[in-house]
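File shown: input-v2.pdb (PDB, C-alpha atoms).
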```
ATOM      1  CA  MET A   1       0.000   0.000   0.000
ATOM      2  CA  LYS A   2       2.822   2.429   0.787
ATOM      3  CA  ILE A   3       4.437   1.838  -2.605
ATOM      4  CA  ARG A   4       1.191   2.769  -4.360
ATOM      5  CA  THR A   5       0.975   5.988  -2.391
ATOM      6  CA  LYS A   6       4.536   6.936  -3.285
ATOM      7  CA  VAL A   7       4.004   6.109  -6.952
ATOM      8  CA  LEU A   8       0.751   8.079  -7.037
ATOM      9  CA  THR A   9       2.349  11.045  -5.279
ATOM     10  CA  THR A  10       5.284  11.026  -7.688
ATOM     11  CA  ALA A  11       2.974  10.746 -10.700
ATOM     12  CA  VAL A  12       0.856  13.689  -9.563
ATOM     13  CA  ALA A  13       3.934  15.810  -8.917
ATOM     14  CA  VAL A  14       5.436  15.017 -12.334
ATOM     15  CA  MET A  15       2.137  15.739 -14.094
ATOM     16  CA  ALA A  16       1.898  19.065 -12.293
ATOM     17  CA  LEU A  17       5.466  20.001 -13.148
ATOM     18  CA  VAL A  18       4.858  19.276 -16.819
ATOM     19  CA  ALA A  19       1.242  20.324 -17.349
ATOM     20  CA  VAL A  20       0.948  23.515 -15.325
ATOM     21  CA  PRO A  21       3.600  25.585 -17.150
ATOM     22  CA  ALA A  22       2.496  24.263 -20.534
ATOM     23  CA  MET A  23      -1.123  25.238 -19.944
ATOM     24  CA  ALA A  24      -0.155  28.607 -18.511
ATOM     25  CA  LEU A  25       2.029  29.491 -21.477
ATOM     26  CA  ALA A  26      -0.679  28.417 -23.906
ATOM     27  CA  ALA A  27      -3.174  30.761 -22.283
ATOM     28  CA  THR A  28      -1.151  33.962 -22.155
ATOM     29  CA  ALA A  29      -2.932  36.057 -24.780
ATOM     30  CA  SER A  30      -6.119  34.231 -25.637
ATOM     31  CA  THR A  31      -9.756  35.012 -24.887
ATOM     32  CA  ASP A  32     -11.070  31.633 -25.997
ATOM     33  CA  PRO A  33     -13.215  30.152 -23.184
ATOM     34  CA  LYS A  34     -11.534  26.748 -23.474
ATOM     35  CA  VAL A  35      -8.103  28.291 -23.120
ATOM     36  CA  LEU A  36      -9.200  30.396 -20.162
ATOM     37  CA  MET A  37     -10.701  27.296 -18.550
ATOM     38  CA  ALA A  38      -7.389  25.458 -18.997
ATOM     39  CA  LYS A  39      -5.599  28.457 -17.509
ATOM     40  CA  TYR A  40      -7.733  28.470 -14.377
ATOM     41  CA  ILE A  41      -7.575  24.690 -14.052
ATOM     42  CA  SER A  42      -3.787  24.858 -14.196
ATOM     43  CA  ALA A  43      -3.781  27.586 -11.532
ATOM     44  CA  ALA A  44      -5.995  25.423  -9.337
ATOM     45  CA  GLY A  45      -3.685  22.473  -9.992
ATOM     46  CA  ALA A  46      -0.642  24.471  -8.917
ATOM     47  CA  MET A  47      -2.335  25.423  -5.671
ATOM     48  CA  ALA A  48      -3.783  21.973  -5.010
ATOM     49  CA  VAL A  49      -0.586  20.034  -5.661
ATOM     50  CA  SER A  50       1.503  22.354  -3.511
ATOM     51  CA  ALA A  51      -1.012  22.174  -0.660
ATOM     52  CA  ILE A  52      -1.272  18.377  -0.809
ATOM     53  CA  MET A  53       2.485  17.885  -0.920
ATOM     54  CA  ALA A  54       3.028  20.334   1.948
ATOM     55  CA  GLY A  55       0.407  18.499   3.993
ATOM     56  CA  PHE A  56       2.185  15.226   3.285
ATOM     57  CA  ALA A  57       5.492  16.753   4.409
ATOM     58  CA  GLN A  58       3.946  18.208   7.556
ATOM     59  CA  ALA A  59       2.458  14.843   8.465
ATOM     60  CA  LYS A  60       5.870  13.194   8.250
ATOM     61  CA  ILE A  61       7.586  15.992  10.165
ATOM     62  CA  GLY A  62       4.873  16.039  12.839
ATOM     63  CA  THR A  63       5.185  12.320  13.432
ATOM     64  CA  ALA A  64       8.948  12.570  13.850
ATOM     65  CA  ALA A  65       8.609  15.679  16.020
ATOM     66  CA  ALA A  66       6.215  13.951  18.412
ATOM     67  CA  GLY A  67       8.710  11.149  18.941
ATOM     68  CA  THR A  68      11.586  13.568  19.373
ATOM     69  CA  LEU A  69       9.703  15.710  21.910
ATOM     70  CA  ALA A  70       9.052  12.663  24.046
ATOM     71  CA  GLU A  71      12.788  12.084  24.382
ATOM     72  CA  ARG A  72      14.233  15.626  24.156
ATOM     73  CA  PRO A  73      11.805  18.420  25.116
ATOM     74  CA  GLU A  74      14.520  21.081  24.811
ATOM     75  CA  VAL A  75      14.377  20.963  20.980
ATOM     76  CA  ALA A  76      10.739  22.093  20.819
ATOM     77  CA  THR A  77      11.533  25.453  19.192
ATOM     78  CA  MET A  78      13.532  23.862  16.396
ATOM     79  CA  LEU A  79      10.746  21.364  15.758
ATOM     80  CA  ILE A  80       8.171  24.140  15.479
ATOM     81  CA  VAL A  81      10.354  25.824  12.864
ATOM     82  CA  LEU A  82      10.704  22.557  10.966
ATOM     83  CA  GLN A  83       6.934  22.088  11.081
ATOM     84  CA  ALA A  84       6.415  25.569   9.598
ATOM     85  CA  LEU A  85       8.862  25.192   6.697
ATOM     86  CA  PRO A  86       6.498  23.261   4.374
ATOM     87  CA  GLU A  87       4.122  26.219   4.518
ATOM     88  CA  ILE A  88       6.567  27.997   2.216
ATOM     89  CA  ILE A  89       5.670  25.398  -0.409
ATOM     90  CA  VAL A  90       2.000  26.364  -0.102
ATOM     91  CA  LEU A  91       2.842  30.054  -0.383
ATOM     92  CA  LEU A  92       4.893  29.425  -3.512
ATOM     93  CA  GLY A  93       2.010  27.424  -4.989
ATOM     94  CA  PHE A  94      -0.348  30.308  -4.205
ATOM     95  CA  VAL A  95       1.967  32.812  -5.875
ATOM     96  CA  SER A  96       2.291  30.512  -8.894
ATOM     97  CA  ALA A  97      -1.490  30.255  -9.108
ATOM     98  CA  LEU A  98      -1.790  34.051  -9.005
ATOM     99  CA  ILE A  99       0.811  34.443 -11.734
ATOM    100  CA  ILE A 100      -0.884  31.828 -13.920
ATOM    101  CA  SER A 101      -4.370  33.262 -13.502
ATOM    102  CA  GLY A 102      -3.229  36.884 -13.788
TER
END
```
So that I can check it, write out the structure of this file as C-alpha cells.
Amino acid sequence: MKIRTKVLTTAVAVMALVAVPAMALAATASTDPKVLMAKYISAAGAMAVSAIMAGFAQAKIGTAAAGTLAERPEVATMLIVLQALPEIIVLLGFVSALIISG
C-alpha cells in the first residue's frame, strides 16, 4: 500500500510540473473560453498540488517531532520551525497560481 501511495504522489507531482507551465504558457494572450478554462484549471492544480504535498510533508515531520519531543523536550523550538517550513511550499504554490491566472 505504501508503494502505491509513493508512486501516485510522484505521478501527480510530475504531471503538475509538466502540465501547469504548458497550460499557462498556452493561455497567455487568448480570450477563448476553453483556453481560459485550462488556464484556471492549471492555476488550481498548482495550488492543489503544492497544498497536498506540503500536507504530506507536515504529516511526516509532525510524526517525527512527536517522537523527538518525548525524548528531548529542549528541541521544541527547532521542531516548530521545521513544522512551519512546508508552509513555504503552499505560499509558492499560491503565488504561482496568481501568476498563472493573472
If the PyMOL selection byres ((chain A and resi 50) around 9) is run on the structure shown, which residues does it catch, given as a list of chain:residue names? A:Ala13, A:Gly45, A:Ala46, A:Met47, A:Ala48, A:Val49, A:Ala51, A:Ile52, A:Met53, A:Ala54, A:Gly55, A:Ile89, A:Val90, A:Leu91, A:Leu92, A:Gly93, A:Phe94
Which centre and which edge lengths, in Å to one decimal, describe the axis-aligned box that holds all listed atoms of region 8-14 of chain A after 6 Å is added on each side, as AutoDock Vina command-line options?
```
--center_x 3.1 --center_y 11.9 --center_z -8.8 --size_x 16.7 --size_y 19.7 --size_z 19.1
```
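For the pair CA of Thr9 (chain A) and CA of Ala76 (chain A), the interatomic distance is 29.6 Å.
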Query raised in the report: By how many Å are CA of Ala38 (chain A) and CA of Ser101 (chain A) apart?
Result: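 If I compute the distance from CA of Ala38 (chain A) to CA of Ser101 (chain A), I get 10.0 Å.
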Atom pair CA of Leu98 (chain A) + CA of Ala43 (chain A), distance 7.2 Å
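Nearest residue to Ile80 (chain A) among A:Ser42, A:Thr10, A:Thr68, A:Thr31 is A:Thr68, counting only C-alpha atoms.
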message = Using all atoms listed in the file, can you tell me which of A:Met15, A:Leu82, A:Ile99, A:Ile88 comes closest to Ala59 (chain A)?
response =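 Of the candidates, the smallest distance to Ala59 (chain A) is held by A:Leu82.
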Test item: which residues lie within 8 Å of (6.6, 21.0, 18.4) counting only C-alpha atoms, as a PyMOL selection string = chain A and resi 62+65-66+69+76-80+83
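Nearest to Thr5 (chain A) of all the residues A:Lys39, A:Thr63, A:Phe56, A:Glu74 is A:Phe56, based on all atoms listed in the file.
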* To do: Kindly indicate which residue among A:Val35, A:Ile41, A:Leu8, A:Leu85 lies nearest to Ala97 (chain A), using all atoms listed in the file for the distances.
  =>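 Checking each candidate against Ala97 (chain A), we get A:Ile41 as the closest.
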